[in-house]
Amino acid sequence: MALSAAWQGRLPLGKVFWLYGVLLSTLVTLLYVWLALREDGGSPLRQFLVLAFVPYTAWILVSIWRCAPNARRPYYGDMARALTVAWAINAALLIVFVEMDRWV
């Protein structure tokens with residue numbers, strides 16, 4: 001299965017970074033924003049997306065880190081690792097602030 005191959009670092013970095021990292025997270029973000037803009041707010045599904053984002057973030061961070069040596073050039077792997085760590089920090093802060101709105 002591709003998800004476990006990515007987790008084990010056996011896939012090309014480009015596929016993991018662009019397809020599973022950038023494209024998938026962009027689609028989920030667009031779905032979240034669409035739900036947030038609806039009049040009913042799409043609350044249960046929005047909450048599910050926020051909670052599912054936590055394990056996804058851990059999975060993509062580890063997968064990109066492990067697939068980085070498979071990059072065509074070493075600096076692509078280094079850049080992907082740095083960008084993914086920055087993205088994970090951003091995602092963690094986003095999750096905290098989205099959930100904080102529910103607690104306050």
# chains A, B, ... in the order shown; residues from 1 in each chain; ligands from 1

$ select_by_dssp --residues "chain A" --states "alpha helix (DSSP H)" --output "ChimeraX atom specification"
/A:2-7,13-14,24-37,43-67,74-103

$ residues_around --residues "Trp87 (chain A)" --least-positions-apart "6" --cutoff "10 Å" --atoms "only C-alpha atoms" --output "MDAnalysis selection string"
chainID A and resid 21 57 61 81 93

$ closest_atom_pairs --of "region 7-73 of chain A" --to "region 82-86 of chain A" --cutoff "10 Å" --atoms "only C-alpha atoms" --output "Markdown table"
| residue | atom | partner | partner_atom | distance |
| --- | --- | --- | --- | --- |
| A:Phe17 | CA | A:Thr84 | CA | 8.6 |
| A:Gly21 | CA | A:Thr84 | CA | 8.6 |
| A:Val22 | CA | A:Thr84 | CA | 9.9 |
| A:Thr57 | CA | A:Thr84 | CA | 9.2 |
| A:Ile60 | CA | A:Thr84 | CA | 8.1 |
| A:Leu61 | CA | A:Thr84 | CA | 6.0 |
| A:Val62 | CA | A:Thr84 | CA | 9.3 |
| A:Ser63 | CA | A:Thr84 | CA | 10.0 |
| A:Ile64 | CA | A:Thr84 | CA | 7.3 |
| A:Trp65 | CA | A:Thr84 | CA | 8.1 |

$ residues_around --residues "Leu45 (chain A)" --least-positions-apart "4" --cutoff "9 Å" --atoms "only C-alpha atoms" --output "list in words"
Tyr32, Leu35, Leu49 and Val50 of chain A

$ residues_around --residues "Gly14 (chain A)" --least-positions-apart "4" --cutoff "10 Å" --atoms "only C-alpha atoms" --output "ChimeraX atom specification"
/A:18-21,64,67-68,70-72,76-77,80

$ write_last_selection --atoms "N, CA, C and O atoms" --output "PDB file, in the first residue's frame"
ATOM      1  N   TRP A  18       4.398  16.352  -3.227  1.00  0.00           N
ATOM      2  CA  TRP A  18       3.410  17.080  -4.026  1.00  0.00           C
ATOM      3  C   TRP A  18       2.025  16.446  -4.005  1.00  0.00           C
ATOM      4  O   TRP A  18       1.028  17.148  -3.886  1.00  0.00           O
ATOM      5  N   LEU A  19       1.941  15.125  -4.112  1.00  0.00           N
ATOM      6  CA  LEU A  19       0.636  14.471  -4.173  1.00  0.00           C
ATOM      7  C   LEU A  19       0.009  14.314  -2.796  1.00  0.00           C
ATOM      8  O   LEU A  19      -1.096  14.781  -2.540  1.00  0.00           O
ATOM      9  N   TYR A  20       0.729  13.670  -1.879  1.00  0.00           N
ATOM     10  CA  TYR A  20       0.180  13.402  -0.549  1.00  0.00           C
ATOM     11  C   TYR A  20       0.293  14.594   0.383  1.00  0.00           C
ATOM     12  O   TYR A  20      -0.516  14.743   1.295  1.00  0.00           O
ATOM     13  N   GLY A  21       1.293  15.412   0.185  1.00  0.00           N
ATOM     14  CA  GLY A  21       1.487  16.579   1.048  1.00  0.00           C
ATOM     15  C   GLY A  21       0.713  17.789   0.563  1.00  0.00           C
ATOM     16  O   GLY A  21      -0.271  18.203   1.169  1.00  0.00           O
ATOM     17  N   ILE A  64       7.602  12.352   4.563  1.00  0.00           N
ATOM     18  CA  ILE A  64       8.501  13.217   3.789  1.00  0.00           C
ATOM     19  C   ILE A  64       9.914  13.135   4.339  1.00  0.00           C
ATOM     20  O   ILE A  64      10.886  13.080   3.583  1.00  0.00           O
ATOM     21  N   CYS A  67      11.353   9.896   3.079  1.00  0.00           N
ATOM     22  CA  CYS A  67      11.493   9.834   1.621  1.00  0.00           C
ATOM     23  C   CYS A  67      12.488  10.866   1.083  1.00  0.00           C
ATOM     24  O   CYS A  67      12.848  10.815  -0.099  1.00  0.00           O
ATOM     25  N   ALA A  68      12.923  11.795   1.919  1.00  0.00           N
ATOM     26  CA  ALA A  68      13.834  12.855   1.471  1.00  0.00           C
ATOM     27  C   ALA A  68      15.097  12.327   0.795  1.00  0.00           C
ATOM     28  O   ALA A  68      15.531  12.896  -0.211  1.00  0.00           O
ATOM     29  N   ASN A  70      15.318  10.040  -1.203  1.00  0.00           N
ATOM     30  CA  ASN A  70      14.941   9.578  -2.538  1.00  0.00           C
ATOM     31  C   ASN A  70      14.799  10.724  -3.536  1.00  0.00           C
ATOM     32  O   ASN A  70      14.383  10.497  -4.673  1.00  0.00           O
ATOM     33  N   ALA A  71      15.115  11.941  -3.127  1.00  0.00           N
ATOM     34  CA  ALA A  71      14.998  13.101  -4.017  1.00  0.00           C
ATOM     35  C   ALA A  71      16.026  13.007  -5.135  1.00  0.00           C
ATOM     36  O   ALA A  71      17.093  12.403  -4.975  1.00  0.00           O
ATOM     37  N   ARG A  72      15.707  13.631  -6.276  1.00  0.00           N
ATOM     38  CA  ARG A  72      16.642  13.626  -7.407  1.00  0.00           C
ATOM     39  C   ARG A  72      17.947  14.338  -7.057  1.00  0.00           C
ATOM     40  O   ARG A  72      19.002  13.955  -7.532  1.00  0.00           O
ATOM     41  N   TYR A  76      16.921  19.063  -2.625  1.00  0.00           N
ATOM     42  CA  TYR A  76      15.462  18.954  -2.671  1.00  0.00           C
ATOM     43  C   TYR A  76      14.954  18.251  -1.410  1.00  0.00           C
ATOM     44  O   TYR A  76      13.935  18.623  -0.841  1.00  0.00           O
ATOM     45  N   GLY A  77      15.663  17.230  -1.000  1.00  0.00           N
ATOM     46  CA  GLY A  77      15.294  16.516   0.226  1.00  0.00           C
ATOM     47  C   GLY A  77      15.415  17.417   1.440  1.00  0.00           C
ATOM     48  O   GLY A  77      14.539  17.421   2.317  1.00  0.00           O
ATOM     49  N   ALA A  80      12.578  19.959   1.309  1.00  0.00           N
ATOM     50  CA  ALA A  80      11.303  19.313   1.644  1.00  0.00           C
ATOM     51  C   ALA A  80      11.190  19.090   3.149  1.00  0.00           C
ATOM     52  O   ALA A  80      10.129  19.313   3.741  1.00  0.00           O
TER      53      ALA A  80
END

$ closest_residue --among "A:Leu51, A:Pro69, A:Pro74, A:Ser4" --to "Leu94 (chain A)" --atoms "only C-alpha atoms"
A:Leu51

$ closest_residue --among "A:Val98, A:Met79, A:Leu30, A:Ala91" --to "Ala58 (chain A)" --atoms "only C-alpha atoms"
A:Ala91

$ atom_distance --atom1 "CA of Leu11 (chain A)" --atom2 "CA of Leu24 (chain A)"
16.3 Å

$ atom_distance --atom1 "CA of Pro55 (chain A)" --atom2 "CA of Thr29 (chain A)"
15.2 Å

$ atom_distance --atom1 "CA of Leu23 (chain A)" --atom2 "CA of Met100 (chain A)"
26.7 Å

$ closest_residue --among "A:Tyr75, A:Leu31, A:Ile95, A:Asn90" --to "Leu13 (chain A)" --atoms "only C-alpha atoms"
A:Tyr75

$ closest_residue --among "A:Pro12, A:Ala2, A:Val96, A:Val28" --to "Tyr56 (chain A)" --atoms "only C-alpha atoms"
A:Val28
